[in-house]
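Next comes my_file20.txt, a file with compact mmCIF, C-alpha atoms.
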```txt
# COMPACT_ATOMS: atom_id res chain seq x y z
CA MET A 1 0.00 0.00 0.00
CA ALA A 2 2.81 2.41 0.76
CA SER A 3 4.50 1.43 -2.48
CA ASP A 4 1.32 1.76 -4.51
CA PRO A 5 2.28 4.48 -6.98
CA ILE A 6 -1.28 5.74 -7.35
CA HIS A 7 -1.94 6.01 -3.64
CA GLN A 8 -0.40 9.48 -3.45
CA PHE A 9 -3.08 10.94 -5.71
CA GLU A 10 -6.03 9.85 -3.62
CA ILE A 11 -8.37 12.52 -2.39
CA HIS A 12 -9.61 12.31 1.17
CA LYS A 13 -12.48 14.20 2.62
CA LEU A 14 -11.43 16.08 5.66
CA LEU A 15 -14.51 18.08 6.48
CA THR A 16 -17.95 18.01 4.93
CA LEU A 17 -19.43 21.46 4.57
CA GLY A 18 -22.82 20.50 3.20
CA HIS A 19 -24.70 19.25 0.16
CA VAL A 20 -25.60 21.19 -2.94
CA GLY A 21 -27.95 19.45 -5.34
CA GLY A 22 -26.99 15.98 -4.20
CA HIS A 23 -23.28 16.72 -4.41
CA GLU A 24 -21.22 16.74 -1.32
CA ILE A 25 -19.21 19.88 -0.77
CA ALA A 26 -16.23 18.94 1.31
CA VAL A 27 -12.84 20.20 2.26
CA THR A 28 -10.34 17.67 0.91
CA ASN A 29 -6.61 17.29 1.12
CA SER A 30 -6.47 18.90 -2.31
CA THR A 31 -8.31 21.94 -0.99
CA LEU A 32 -5.92 22.10 1.91
CA TYR A 33 -2.86 22.08 -0.34
CA MET A 34 -4.38 24.74 -2.58
CA PHE A 35 -4.92 26.96 0.42
CA ALA A 36 -1.41 26.21 1.57
CA ALA A 37 -0.03 27.26 -1.80
CA VAL A 38 -2.09 30.45 -1.79
CA GLY A 39 -0.85 31.10 1.73
CA VAL A 40 2.78 30.62 0.71
CA VAL A 41 2.41 32.90 -2.31
CA SER A 42 0.61 35.55 -0.26
CA LEU A 43 3.25 35.37 2.41
CA LEU A 44 5.99 35.76 -0.15
CA MET A 45 4.38 38.65 -1.98
CA ILE A 46 2.86 40.55 0.93
CA GLY A 47 5.77 39.89 3.25
CA GLY A 48 8.26 40.61 0.50
CA SER A 49 6.71 43.91 -0.45
CA ALA A 50 6.14 45.08 3.12
CA GLY A 51 9.67 46.36 3.67
CA LYS A 52 9.99 48.46 0.50
CA ASN A 53 13.72 48.79 1.05
CA LEU A 54 15.77 50.49 -1.61
CA ILE A 55 18.33 47.73 -1.20
CA PRO A 56 16.10 44.67 -1.04
CA THR A 57 16.49 42.03 1.59
CA ARG A 58 16.62 38.42 0.39
CA PHE A 59 12.94 38.01 1.00
CA GLN A 60 12.04 41.18 -0.87
CA SER A 61 14.43 40.22 -3.64
CA MET A 62 12.56 36.95 -4.16
CA ALA A 63 9.26 38.76 -4.47
CA GLU A 64 10.73 41.31 -6.86
CA LEU A 65 12.41 38.65 -8.96
CA SER A 66 9.21 36.70 -9.37
CA TYR A 67 7.36 39.86 -10.30
CA GLU A 68 9.97 40.86 -12.86
CA PHE A 69 10.17 37.36 -14.28
CA VAL A 70 6.47 37.23 -15.06
CA ALA A 71 6.28 40.87 -16.12
CA ASP A 72 9.14 40.37 -18.59
CA MET A 73 7.53 37.23 -19.91
CA LEU A 74 4.24 38.99 -20.45
CA ARG A 75 5.82 42.08 -22.01
CA SER A 76 7.95 40.14 -24.43
CA ASN A 77 5.12 37.84 -25.48
CA ALA A 78 2.04 40.04 -25.40
CA GLY A 79 3.47 43.55 -25.42
CA GLU A 80 2.62 46.44 -23.18
CA ALA A 81 -1.09 45.96 -23.87
CA GLY A 82 -0.84 42.52 -22.32
CA MET A 83 0.05 43.99 -18.95
CA LYS A 84 -3.63 44.40 -18.11
CA PHE A 85 -3.69 40.63 -17.80
CA PHE A 86 -0.73 40.61 -15.47
CA PRO A 87 -2.78 39.67 -12.38
CA LEU A 88 -4.15 36.61 -14.16
CA VAL A 89 -0.82 35.41 -15.51
CA PHE A 90 1.03 36.13 -12.31
CA SER A 91 -1.54 34.34 -10.16
CA LEU A 92 -1.52 31.32 -12.44
CA PHE A 93 2.25 31.14 -12.59
CA MET A 94 2.80 31.57 -8.87
CA PHE A 95 0.03 29.17 -7.96
CA ILE A 96 1.19 26.41 -10.31
CA ALA A 97 4.85 26.85 -9.45
CA THR A 98 4.15 26.76 -5.72
CA VAL A 99 1.78 23.83 -5.93
CA ASN A 100 4.25 21.87 -8.06
CA LEU A 101 7.15 22.63 -5.79
CA ILE A 102 5.18 21.69 -2.68
CA GLY A 103 4.29 18.43 -4.41
CA ILE A 104 7.93 17.37 -4.64
CA ILE A 105 8.26 17.26 -0.87
CA PRO A 106 7.72 13.65 0.20
CA TYR A 107 4.35 12.77 1.73
CA THR A 108 2.68 15.81 0.21
CA PHE A 109 -0.13 15.94 -2.29
CA THR A 110 0.29 17.41 -5.77
CA VAL A 111 -2.75 19.44 -6.69
CA THR A 112 -1.83 19.75 -10.37
CA SER A 113 -1.75 15.97 -10.78
CA HIS A 114 -5.53 16.09 -11.07
CA LEU A 115 -6.91 16.86 -14.50
CA ILE A 116 -9.88 18.79 -13.17
CA VAL A 117 -7.64 21.40 -11.57
CA THR A 118 -5.56 22.02 -14.66
CA VAL A 119 -8.63 21.98 -16.88
CA CYS A 120 -10.23 24.66 -14.74
CA MET A 121 -7.17 26.87 -15.03
CA ALA A 122 -6.90 26.27 -18.77
CA LEU A 123 -10.59 27.07 -19.20
CA ILE A 124 -10.16 30.34 -17.32
CA VAL A 125 -7.45 31.29 -19.81
CA PHE A 126 -9.50 30.05 -22.75
CA ALA A 127 -12.59 31.97 -21.65
CA THR A 128 -10.53 35.10 -21.05
CA MET A 129 -8.96 34.99 -24.47
CA THR A 130 -12.20 34.19 -26.29
CA ILE A 131 -14.30 36.80 -24.49
CA TYR A 132 -11.61 39.45 -24.77
CA GLY A 133 -11.10 38.60 -28.44
CA PHE A 134 -14.79 39.11 -29.19
CA TYR A 135 -14.88 42.24 -27.03
CA LYS A 136 -11.89 43.75 -28.77
CA HIS A 137 -12.51 42.71 -32.37
CA GLY A 138 -16.23 42.00 -32.38
CA LEU A 139 -17.42 39.53 -34.98
CA LYS A 140 -14.16 40.05 -36.87
CA PHE A 141 -12.71 37.64 -34.36
CA LEU A 142 -14.44 34.86 -36.28
CA LYS A 143 -12.17 35.57 -39.24
CA LEU A 144 -9.66 33.57 -37.24
CA PHE A 145 -11.25 30.46 -38.64
CA VAL A 146 -11.50 31.43 -42.29
CA PRO A 147 -8.31 31.24 -44.32
CA HIS A 148 -7.88 33.28 -47.47
CA GLY A 149 -7.94 31.93 -50.95
CA ILE A 150 -9.56 28.60 -50.21
CA PRO A 151 -11.96 27.15 -52.79
CA VAL A 152 -15.54 27.24 -51.56
CA TYR A 153 -16.10 23.49 -51.80
CA ILE A 154 -13.47 22.63 -49.19
CA LEU A 155 -14.12 25.70 -47.06
CA PRO A 156 -16.45 23.90 -44.59
CA LEU A 157 -13.89 21.20 -43.98
CA VAL A 158 -11.07 23.67 -43.49
CA VAL A 159 -13.15 25.87 -41.21
CA PHE A 160 -14.11 22.85 -39.15
CA ILE A 161 -10.48 21.85 -38.73
CA GLU A 162 -9.58 25.42 -37.81
CA VAL A 163 -12.32 25.56 -35.20
CA LEU A 164 -11.20 22.20 -33.87
CA SER A 165 -7.62 23.37 -33.58
CA TYR A 166 -8.80 26.48 -31.73
CA PHE A 167 -10.68 24.36 -29.22
CA LEU A 168 -7.67 22.09 -28.87
CA LYS A 169 -5.77 24.87 -27.16
CA PRO A 170 -7.23 24.43 -23.66
CA VAL A 171 -6.97 20.66 -24.01
CA SER A 172 -3.26 20.59 -24.72
CA HIS A 173 -2.78 23.44 -22.27
CA SER A 174 -4.26 21.47 -19.39
CA VAL A 175 -3.25 17.93 -20.33
CA ARG A 176 0.40 18.92 -20.62
CA LEU A 177 0.63 20.15 -17.05
CA PHE A 178 -1.45 17.33 -15.66
CA ALA A 179 0.35 14.55 -17.52
CA ASN A 180 3.79 15.83 -16.66
CA MET A 181 3.05 16.05 -12.97
CA LEU A 182 1.24 12.72 -12.83
CA ALA A 183 3.81 10.77 -14.82
CA GLY A 184 6.75 12.30 -12.99
CA HIS A 185 5.35 11.50 -9.58
CA ILE A 186 4.41 7.96 -10.55
CA ALA A 187 7.88 7.30 -11.95
CA LEU A 188 9.40 8.69 -8.79
CA LYS A 189 7.22 6.50 -6.64
CA VAL A 190 7.88 3.38 -8.67
CA PHE A 191 11.64 3.76 -8.45
CA ALA A 192 11.46 4.55 -4.77
CA GLY A 193 9.31 1.43 -4.37
CA PHE A 194 12.06 -0.68 -5.97
CA VAL A 195 14.41 0.44 -3.24
CA THR A 196 12.21 -0.89 -0.45
CA MET A 197 11.33 -4.04 -2.37
CA LEU A 198 14.98 -4.89 -3.05
CA GLY A 199 15.94 -3.90 0.46
CA ALA A 200 13.64 -6.60 1.79
CA LEU A 201 15.73 -9.27 0.05
CA GLY A 202 18.63 -8.93 2.43
CA PHE A 203 22.23 -8.03 1.77
CA VAL A 204 22.25 -8.72 -1.98
CA GLY A 205 19.11 -6.68 -2.29
CA TRP A 206 20.73 -3.80 -0.48
CA ILE A 207 23.50 -3.69 -3.07
CA GLY A 208 20.96 -3.96 -5.87
CA ALA A 209 18.94 -1.16 -4.36
CA VAL A 210 21.73 1.34 -4.94
CA LEU A 211 20.78 1.74 -8.57
CA PRO A 212 17.10 2.66 -8.11
CA LEU A 213 18.08 4.85 -5.18
CA GLY A 214 20.44 6.81 -7.39
CA LEU A 215 17.75 7.03 -10.04
CA THR A 216 15.28 8.31 -7.48
CA VAL A 217 17.67 11.08 -6.51
CA ALA A 218 18.22 11.96 -10.16
CA LEU A 219 14.49 11.86 -10.85
CA THR A 220 13.83 14.16 -7.92
CA ALA A 221 16.18 16.70 -9.46
CA LEU A 222 14.45 16.27 -12.79
CA GLU A 223 11.06 16.69 -11.15
CA LEU A 224 12.25 19.92 -9.58
CA LEU A 225 13.10 21.18 -13.04
CA VAL A 226 9.83 19.92 -14.51
CA ALA A 227 7.81 21.49 -11.70
CA PHE A 228 9.20 24.90 -12.49
CA LEU A 229 9.30 24.41 -16.24
CA GLN A 230 5.67 23.34 -16.44
CA ALA A 231 4.57 26.42 -14.53
CA TYR A 232 6.69 28.45 -16.93
CA VAL A 233 5.21 26.73 -19.98
CA PHE A 234 1.68 27.22 -18.69
CA ALA A 235 2.31 30.90 -18.06
CA ILE A 236 4.07 31.52 -21.36
CA LEU A 237 1.29 29.80 -23.30
CA THR A 238 -1.21 31.96 -21.46
CA CYS A 239 0.77 34.97 -22.64
CA ILE A 240 0.83 33.72 -26.22
CA TYR A 241 -2.90 32.98 -26.26
CA LEU A 242 -3.69 36.37 -24.77
CA ASN A 243 -1.42 37.98 -27.32
CA ASP A 244 -3.47 36.37 -30.07
CA ALA A 245 -6.64 37.82 -28.59
CA ILE A 246 -5.16 41.28 -28.02
CA HIS A 247 -3.26 41.93 -31.19
CA GLY A 248 -4.49 39.31 -33.54
CA GLY A 249 -0.87 38.45 -34.25
CA HIS A 250 1.68 40.97 -35.39
CA MET B 251 53.51 73.67 -20.54
CA VAL B 252 55.48 74.39 -17.40
CA ASP B 253 52.58 76.26 -15.89
CA THR B 254 50.32 73.27 -15.93
CA ARG B 255 52.69 71.27 -13.78
CA LYS B 256 52.87 73.83 -11.02
CA GLY B 257 50.89 71.75 -8.60
CA GLU B 258 53.10 68.74 -9.07
CA PRO B 259 55.25 67.70 -6.15
CA GLY B 260 58.34 67.99 -8.38
CA LYS B 261 61.33 68.71 -6.17
CA ASN B 262 63.70 70.92 -8.14
CA ARG B 263 62.16 72.33 -11.24
CA THR B 264 65.07 73.93 -12.97
CA ASP B 265 64.82 74.89 -16.61
CA ASP B 266 66.72 71.87 -17.89
CA GLN B 267 64.60 69.44 -15.93
CA PRO B 268 61.32 69.54 -17.91
CA PRO B 269 62.39 67.40 -20.91
CA ALA B 270 63.34 64.50 -18.61
CA ASP B 271 60.17 64.99 -16.59
CA GLU B 272 58.15 65.12 -19.79
CA ALA B 273 59.63 61.88 -20.99
CA ALA B 274 58.96 60.17 -17.66
CA LEU B 275 55.43 61.47 -17.67
CA SER B 276 54.66 60.30 -21.17
CA ALA B 277 56.20 56.92 -20.39
CA ARG B 278 54.00 56.66 -17.34
CA LEU B 279 50.99 57.72 -19.36
CA THR B 280 51.51 55.06 -21.97
CA ARG B 281 52.01 52.47 -19.26
CA LEU B 282 48.81 53.50 -17.55
CA ASP B 283 47.04 53.46 -20.86
CA GLN B 284 48.18 49.92 -21.49
CA GLN B 285 47.13 48.77 -18.07
CA LEU B 286 43.76 50.41 -18.45
CA SER B 287 43.11 48.81 -21.80
CA HIS B 288 44.06 45.46 -20.30
CA VAL B 289 41.58 45.88 -17.50
CA LYS B 290 38.93 47.09 -19.90
CA LYS B 291 39.44 44.11 -22.14
CA ASP B 292 39.19 41.73 -19.21
CA ARG B 293 36.01 43.39 -18.00
CA ALA B 294 34.42 43.31 -21.42
CA PHE B 295 35.33 39.67 -21.79
CA GLU B 296 33.91 38.76 -18.40
CA LYS B 297 30.75 40.71 -19.08
CA SER B 298 30.18 39.14 -22.47
CA GLN B 299 30.81 35.74 -20.97
CA THR B 300 28.26 36.10 -18.20
CA GLU B 301 25.82 37.63 -20.65
CA SER B 302 26.15 34.79 -23.10
CA GLU B 303 25.83 32.34 -20.22
CA THR B 304 22.55 33.79 -19.01
CA GLU B 305 21.41 34.09 -22.59
CA SER B 306 22.12 30.46 -23.34
CA ALA B 307 20.38 29.44 -20.11
CA HIS B 308 17.37 31.42 -21.26
CA ALA B 309 17.54 29.87 -24.70
CA ARG B 310 17.82 26.41 -23.19
CA ALA B 311 14.79 26.96 -20.97
CA SER B 312 12.66 28.27 -23.79
CA ALA B 313 13.83 25.51 -26.12
CA MET B 314 12.79 22.97 -23.51
CA ALA B 315 9.48 24.73 -23.17
CA VAL B 316 8.93 24.56 -26.92
CA GLY B 317 9.86 20.89 -27.00
CA LEU B 318 7.43 20.06 -24.24
CA ARG B 319 4.72 22.00 -26.04
CA LEU B 320 5.06 20.25 -29.37
CA SER B 321 4.52 16.71 -28.15
CA SER B 322 1.40 17.45 -26.17
CA GLU B 323 -0.07 19.55 -28.97
CA LEU B 324 -0.26 16.52 -31.26
CA VAL B 325 -1.47 14.16 -28.54
CA ALA B 326 -4.26 16.55 -27.62
CA GLY B 327 -5.38 16.73 -31.24
CA VAL B 328 -5.63 12.98 -31.67
CA LEU B 329 -7.27 12.49 -28.27
CA VAL B 330 -9.92 15.11 -28.83
CA GLY B 331 -10.57 13.79 -32.32
CA ALA B 332 -11.08 10.29 -30.99
CA LEU B 333 -13.33 11.52 -28.18
CA LEU B 334 -15.46 13.59 -30.55
CA GLY B 335 -15.79 10.69 -32.94
CA TRP B 336 -16.70 8.29 -30.19
CA GLY B 337 -19.36 10.66 -28.87
CA PHE B 338 -20.69 11.28 -32.35
CA ASP B 339 -21.02 7.54 -32.93
CA ARG B 340 -22.66 7.00 -29.58
CA PHE B 341 -25.39 9.56 -30.09
CA LEU B 342 -26.05 9.01 -33.79
CA SER B 343 -25.10 5.32 -33.86
CA THR B 344 -22.98 5.70 -36.95
CA SER B 345 -20.18 3.53 -35.66
CA PRO B 346 -17.44 3.33 -36.80
CA TRP B 347 -17.57 6.19 -39.32
CA GLY B 348 -17.65 9.04 -36.83
CA LEU B 349 -14.56 7.72 -35.09
CA ILE B 350 -12.68 7.31 -38.36
CA VAL B 351 -13.54 10.75 -39.69
CA PHE B 352 -13.09 12.68 -36.45
CA LEU B 353 -9.87 10.91 -35.57
CA LEU B 354 -8.43 11.99 -38.91
CA LEU B 355 -9.74 15.52 -38.48
CA GLY B 356 -8.35 15.68 -34.96
CA PHE B 357 -5.02 14.45 -36.22
CA THR B 358 -5.03 17.15 -38.89
CA ALA B 359 -5.85 19.84 -36.36
CA GLY B 360 -3.16 18.51 -34.03
CA VAL B 361 -0.54 18.57 -36.78
CA MET B 362 -1.61 22.09 -37.66
CA ASN B 363 -1.21 23.19 -34.07
CA VAL B 364 2.22 21.59 -33.91
CA MET B 365 3.27 23.39 -37.06
CA ARG B 366 1.88 26.64 -35.75
CA SER B 367 3.69 26.43 -32.44
CA ALA B 368 6.87 25.45 -34.26
CA GLY B 369 6.46 28.56 -36.38
CA ALA B 370 6.28 26.59 -39.62
CA MET B 371 2.80 27.87 -40.37
CA ALA B 372 1.04 31.19 -40.01
CA LYS B 373 -0.96 31.62 -36.84
CA GLN B 374 -4.72 31.88 -36.95
CA SER B 375 -4.54 35.32 -35.43
CA GLU B 376 -2.38 36.64 -38.26
CA ARG B 377 -5.26 35.95 -40.55
CA MET B 378 -7.29 38.58 -38.75
CA ASN B 379 -4.69 41.22 -39.52
CA ASP B 380 -4.60 40.27 -43.17
CA ALA B 381 -8.33 40.48 -43.30
CA SER B 382 -8.44 43.90 -41.72
CA ARG B 383 -5.77 45.18 -44.07
CA ASP B 384 -7.49 44.35 -47.30
```
Could you render the structure as structure tokens?
Amino acid sequence: MASDPIHQFEIHKLLTLGHVGGHEIAVTNSTLYMFAAVGVVSLLMIGGSAGKNLIPTRFQSMAELSYEFVADMLRSNAGEAGMKFFPLVFSLFMFIATVNLIGIIPYTFTVTSHLIVTVCMALIVFATMTIYGFYKHGLKFLKLFVPHGIPVYILPLVVFIEVLSYFLKPVSHSVRLFANMLAGHIALKVFAGFVTMLGALGFVGWIGAVLPLGLTVALTALELLVAFLQAYVFAILTCIYLNDAIHGGH
Amino acid sequence: MVDTRKGEPGKNRTDDQPPADEAALSARLTRLDQQLSHVKKDRAFEKSQTESETESAHARASAMAVGLRLSSELVAGVLVGALLGWGFDRFLSTSPWGLIVFLLLGFTAGVMNVMRSAGAMAKQSERMNDASRD
């Protein structure tokens, strides 16, 4: 049971708040970790910006660095006009990065390893870009789906494919984050499980267990990279999608 | 010439001294100049090195990001195509034609998205600009 690689993704109810339309509304371990992540981010940003020193302390420097990192990303990908979406992109990036990084700590729960969470975040981005696109460009936004110079008889097919590829955006956006976190954590757990299994065999097993142990260490480092990189990818794709809605390309 | 060196802590400034002083001064100047250019070169080298290092780190990160994007783009296309086809078949009981058609369409859309994110194909949004121009 401890070496069951899926066990770590189980959701437990901690506190039932009530029922809405036959569905139980409960505080789960996932909820708890989300709140923890929000708490960590708030602490970092509020605590970091409280001092307002001209020469930043380490704490303040961290807050400023994370601000500048996301602001640069948004500016370079969506231009100055994209800065109105800074709160959205920054919240998403900080939340995902924190949640992923918390998930690497042993015995913790990884919120982003559940598809529903990443889908929700991707849908927020998708809705924002679609609504803003229609708001900014009106019905001209629909020209997105109609290429130029296409013969009329294959136009329906092409338009359908274009629409499909537009709606694929939130799918790949969410599945990427979810799959990376899930697969990474399962691989980590499987290799760590080999260590205990081989260790049970006695002395020979102990020697054999060195290899998976080394791999587990290496995988942990890789997961650290992936945790950050996936947050980065999610945020940068948000910037790119928003850029499409704002400028309609360049 | 002599006037400008009044403030100098020269000990005995007789009239025959200046040429020797001048020579020493110019020698010192050239030496300083050399040293300065050395230091400058070193600084510039160090700076360019750290810059290129951070730049390559940036490039590596974004290249990784692009690589991670591409794979999932295609997978999402095929998956959604299959799902759509399966649903279509289920509700209209046209099995297996919906699955076949939508899987192919999803694959096409996925490939298009891959090409778009790789920059090998114009983005959808660029179309809007073209349309507004003409």
What would the list of residues within 10 Å of (17.2, 0.9, -8.6) (file frame) look like as a PyMOL selection string, if only C-alpha atoms are what count? chain A and resi 190-198+207-216
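CA of Ile246 in chain A sits 16.5 Å away from CA of Ala71 in chain A.
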Contacts between range 152-175 of chain A and range 291-350 of chain B, please, where a residue of range 291-350 of chain B counts if it comes within 8 Å (with only C-alpha atoms); show its shortest atom pair and distance in Å to one decimal, rows by chain and ascending number, as CSV.
```
residue,atom,partner,partner_atom,distance
B:Ser322,CA,A:Ser172,CA,5.8
B:Glu323,CA,A:Ser172,CA,5.4
B:Val325,CA,A:Ser172,CA,7.7
B:Ala326,CA,A:Ser172,CA,5.1
B:Gly327,CA,A:Leu168,CA,6.3
B:Val330,CA,A:Leu168,CA,7.3
```
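Taking CA of Gly133 in chain A as the reference point, CA of Lys373 in chain B is found at 14.9 Å.
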Would you mind reading off the distance between CA of Val119 in chain A and CA of Gln374 in chain B, one decimal, in Å? 22.7 Å
Wanna dump the chain B-chain A contacts at 12 Å for me, each residue with its shortest atom pair and the distance in Å to one decimal, counting only C-alpha atoms, ordered by chain and number, as a Markdown table?
```
| residue | atom | partner | partner_atom | distance |
| --- | --- | --- | --- | --- |
| B:His308 | CA | A:Met73 | CA | 11.5 |
| B:Arg310 | CA | A:Leu229 | CA | 11.2 |
| B:Ala311 | CA | A:Leu229 | CA | 7.7 |
| B:Ser312 | CA | A:Val233 | CA | 8.5 |
| B:Ala313 | CA | A:Val233 | CA | 10.7 |
| B:Met314 | CA | A:Leu229 | CA | 8.2 |
| B:Ala315 | CA | A:Val233 | CA | 5.7 |
| B:Val316 | CA | A:Val233 | CA | 8.2 |
| B:Gly317 | CA | A:Val233 | CA | 10.2 |
| B:Leu318 | CA | A:Arg176 | CA | 8.0 |
| B:Arg319 | CA | A:Arg176 | CA | 7.6 |
| B:Leu320 | CA | A:Ser172 | CA | 9.5 |
| B:Ser321 | CA | A:Arg176 | CA | 8.9 |
| B:Ser322 | CA | A:Ser172 | CA | 5.8 |
| B:Glu323 | CA | A:Ser172 | CA | 5.4 |
| B:Leu324 | CA | A:Ser172 | CA | 8.3 |
| B:Val325 | CA | A:Ser172 | CA | 7.7 |
| B:Ala326 | CA | A:Ser172 | CA | 5.1 |
| B:Gly327 | CA | A:Leu168 | CA | 6.3 |
| B:Val328 | CA | A:Leu168 | CA | 9.7 |
| B:Leu329 | CA | A:Val171 | CA | 9.2 |
| B:Val330 | CA | A:Leu168 | CA | 7.3 |
| B:Gly331 | CA | A:Leu164 | CA | 8.6 |
| B:Leu333 | CA | A:Val171 | CA | 11.9 |
| B:Leu334 | CA | A:Leu164 | CA | 10.2 |
| B:Val351 | CA | A:Leu157 | CA | 11.3 |
| B:Phe352 | CA | A:Ile161 | CA | 9.8 |
| B:Leu353 | CA | A:Ile161 | CA | 11.4 |
| B:Leu354 | CA | A:Ile161 | CA | 10.1 |
| B:Leu355 | CA | A:Ile161 | CA | 6.4 |
| B:Gly356 | CA | A:Leu164 | CA | 7.2 |
| B:Phe357 | CA | A:Ile161 | CA | 9.5 |
| B:Thr358 | CA | A:Ile161 | CA | 7.2 |
| B:Ala359 | CA | A:Ser165 | CA | 4.8 |
| B:Gly360 | CA | A:Ser165 | CA | 6.6 |
| B:Val361 | CA | A:Ser165 | CA | 9.1 |
| B:Met362 | CA | A:Ser165 | CA | 7.4 |
| B:Asn363 | CA | A:Ser165 | CA | 6.4 |
| B:Val364 | CA | A:Ser165 | CA | 10.0 |
| B:Met365 | CA | A:Ser165 | CA | 11.4 |
| B:Arg366 | CA | A:Ser165 | CA | 10.3 |
| B:Ser367 | CA | A:Ile240 | CA | 10.0 |
| B:Ala372 | CA | A:Gly249 | CA | 9.5 |
| B:Lys373 | CA | A:Gly249 | CA | 7.3 |
| B:Gln374 | CA | A:Leu144 | CA | 5.2 |
| B:Ser375 | CA | A:Gly248 | CA | 4.4 |
| B:Glu376 | CA | A:Gly249 | CA | 4.7 |
| B:Arg377 | CA | A:Leu144 | CA | 6.0 |
| B:Met378 | CA | A:Leu144 | CA | 5.7 |
| B:Asn379 | CA | A:Gly248 | CA | 6.3 |
| B:Asp380 | CA | A:His148 | CA | 8.8 |
| B:Ala381 | CA | A:Lys143 | CA | 7.4 |
| B:Ser382 | CA | A:Lys140 | CA | 8.4 |
| B:Asp384 | CA | A:His148 | CA | 11.1 |
```
Near-Trp347 in chain B list (12 Å; only C-alpha atoms; drop same-chain fewer than 2 positions) as a PyMOL selection string: chain B and resi 332+334-340+342-345+349-354
Give me, as a PyMOL selection string, all polymer residues having an atom no more than 9 Å from Asn77 in chain A, counting only C-alpha atoms and skipping those fewer than 5 positions away in the same chain. chain A and resi 72+82+236+239-240+242-243
Under the rule that all atoms listed in the file are counted, which of A:Leu17, A:Val89, A:Ile55, A:Ile104 is the nearest residue to Thr128 in chain A?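 Checking each of A:Leu17, A:Val89, A:Ile55, A:Ile104 against Thr128 in chain A, counting all atoms listed in the file, the winner is A:Val89.
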Can you list, as JSON, numbers by chain, every protein, DNA or RNA residue that comes within 12 Å of Ile25 in chain A when you count only C-alpha atoms, leaving out same-chain residues fewer than 5 positions away? {"A": [13, 14, 15, 16, 17, 18, 19, 20, 31]}
For the selection just defined, write its residues with C-alpha atoms to a file, as a PDB file, in the frame of the given file.
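Final output, saved to out-v2.pdb:
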```
ATOM      1  CA  LYS A  13     -12.480  14.200   2.620  1.00  0.00           C
ATOM      2  CA  LEU A  14     -11.430  16.080   5.660  1.00  0.00           C
ATOM      3  CA  LEU A  15     -14.510  18.080   6.480  1.00  0.00           C
ATOM      4  CA  THR A  16     -17.950  18.010   4.930  1.00  0.00           C
ATOM      5  CA  LEU A  17     -19.430  21.460   4.570  1.00  0.00           C
ATOM      6  CA  GLY A  18     -22.820  20.500   3.200  1.00  0.00           C
ATOM      7  CA  HIS A  19     -24.700  19.250   0.160  1.00  0.00           C
ATOM      8  CA  VAL A  20     -25.600  21.190  -2.940  1.00  0.00           C
ATOM      9  CA  THR A  31      -8.310  21.940  -0.990  1.00  0.00           C
TER      10      THR A  31
END
```
Can you pull out the residues contacting Leu224 in chain A? Cut-off 12 Å, using all atoms listed in the file, and skip same-chain residues under 5 positions away; I want them as a VMD selection string. chain A and resid 97 to 105 180 to 181 184 to 185 188 217 to 219 229 to 231
Please write out, as lines of an AutoDock Vina configuration file, where the centre of an axis-aligned box around all listed atoms of range 234-245 of chain A lies and how long its edges are, in Å to one decimal, after adding 6 Å on each side.
```
center_x = -1.3
center_y = 32.6
center_z = -24.1
size_x = 22.7
size_y = 22.8
size_z = 24.0
```
